[in-house]
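Written below as structure tokens is the structure these notes are about.
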Amino acid sequence: MSEPLILGIETSCDETGIGIVRGTTLLADEVASSVDEHARFGGVVPEIASRAHLEAMVPTIERACKTANIKLDDVEAIAVTSGPGLAGALLVGVAAAKSLAVALGKPIYGVNHLAAHVCVDQLEHGPLDEPSVAMLVSGGHSSLLLVPDITEDVIQLGQTIDDAAGEAFDKIARVLGLPFPGGPYIDKAAQTGNPNAIDFPRGLTSPKDMAKHRFDVSFSGLKTAVARWIETEQRSGNAVMVNDVAASFQEAVVDVLLRKAIDACLSNDVGTLVIGGGVAANSRLRSEAAQRCQEHNISLRIPRPGLCTDNGAMVAALGSELVKRGRDASQLSFATDSSMNITNVVA
Amino acid sequence: MQAFGKQIGALLIADDVVVLSGPLGAGKTTFVKGLAEQLDVQGVVTSPTFVVSRVHKPQGSGLALVHVDAYRLSSQSDLVDLDLDATKNAAYVIEWGKDFVSGFTDNWLEIEIDRAEELNDDTDPASGDRSISVTAVGDRWSDLDLAGLFA
């Protein structure tokens, strides 16, 4: 039997992503981003995102079909992100997916964005080990998941109790006068900075916090500490060493994320850690994760940066796995869910 | 800050609006956590910066909480575009909403939080005193005992 050909649509935030996969083989991954338009606001503006998705949808689908060298009618099923994400942005993708499903007479799968971020790694590193521990870190999410079955059984171990990791990068970049989105600029500035210059706090790692929030993360204390440190330097008339602040801040984030992720693997007796989401493109997170996983004999899987950020290929990858394992498609009447819980892999 | 949030939460009825301002790390999210605890709503209160607005449904039959971060909105019409009033029987907290709120309602409580320069505890960057100012706007708050809030 040939492997299923799946079209995936992702519009949960500012990227209009269309992916086409056959089984675990990536055929096309086209992304149209409205990030330039958002940059001048220092963040994603929902109304702009929805309108940009609407304009980009049809040309991006056409481009993906051309790259994959397929006709739309060849696909076996349509997969689309139904949540979590920005309500208006999700609506555009789901409406497009439903129209295609009806017009082509194909089944449709409304899928969870976070599960798709985990599943995308199959396109690069082959079938996922189950169970795995997955850490998703992006501008909107910071979650630690236990994944016994990516198509129907995903358990949330922890999440951020205030800011998402990528959001902390954006906010600190703003304080340091670096552009949006902050992650890549902090990563770059940090390369010539000293990560041990300033000992910024590691949130939720004290014994007292660990009792209640063992696998949760918090970045608000760190954010306050960095803001205070900069203000104090400025008041004393010192020049702020942007590179050192960036490196020390990044070190604190990376250290906390990996401590929690490794602890989750060890305490659940799981030998594989998958890292996904936009922050997984961070060079320090990647190198430090490799080292710590090796120390603890954990196999580490991080997709290449282009597959870590939001894209349609990840949605298609999860759709493909759902079809392969014979999971039920969604009812055509399914709705978007901006705060979709990870316990629902399919709408 | 959490206790103060609870105190304000206890005052709220449907359609009330609280506008919240303060620099990075002032304790705005912590304030909203307290307010949400008092209203007894579902879900974990986290920063709404990324999603701009987040709705917390009531646990029981009480008020819902609509938590908005207007930092990235550029005009009053952006705030209207969010369809905030689609949630019925809700109270609203709008961070950074000072410049836009008058397009949304005639009555609101404006709360400004500021960090003191000195830390109380060197090991905890969130320590240190906060100054809070509360301004009541509109008829809805004409009977509010402002001084009583700080008694």
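If you're wondering about the labels, chains in the structure tokens are A, B, ... by order shown, residues count from 1 in each chain, ligands from 1 in order shown.
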Original post:
Please, which residues of chain A lie no more than 6 Å from chain B when the count uses only C-alpha atoms, and can they be set out as a VMD selection string?
Top reply: chain A and resid 41 86 140 161 to 163 221 224 to 225
Restrict the selected residues to C-alpha atoms and save them as a tab-separated table (two decimals), in the first residue's frame.
```tsv
chain	number	residue	atom	x	y	z
A	41	PHE	CA	4.09	46.88	16.19
A	86	LEU	CA	-5.28	33.34	17.53
A	140	GLY	CA	2.92	31.60	22.48
A	161	ILE	CA	2.73	30.00	34.65
A	162	ASP	CA	3.28	33.50	33.21
A	163	ASP	CA	5.18	34.31	29.99
A	221	GLY	CA	11.01	36.88	37.80
A	224	THR	CA	12.01	41.68	36.23
A	225	ALA	CA	15.59	40.88	37.22
```
Original post:
Just asking: which residues within region 108-318 of chain A are strand (DSSP E) according to DSSP, as a ChimeraX atom specification?
Top reply: /A:108-112,132-137,142-149,153-159,272-276,299-301
Original post:
Where does DSSP see helix (DSSP H, G or I) in region 105-171 of chain A, if you list the residues as a PyMOL selection string?
Top reply: chain A and resi 113-119+121-125+165-171
**OP:** Give me, please, the distance in Å between CA of His125 (chain A) and CA of Ala280 (chain A), quoted to one decimal.
**Re:** 15.6 Å
Original post:
Using only C-alpha atoms, which of the listed residues (B:Leu144, B:Ala151, B:Ala64, B:Val134) sits closest to Ile13 (chain B)?
Top reply: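 For Ile13 (chain B), the nearest of the given residues is B:Ala64.
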**OP:** Could you jot down the CA of Met340 (chain A) to CA of Glu30 (chain A) separation for me, Å, one decimal place?
**Re:**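 Atom-to-atom, CA of Met340 (chain A) to CA of Glu30 (chain A), that is 24.8 Å.
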**OP:** Name all residues at most 12 Å from Gly326 (chain A) (count only C-alpha atoms; drop same-chain ones fewer than 6 positions away) and give them as a PyMOL selection string.
**Re:** chain A and resi 4+109+151-152+319-320
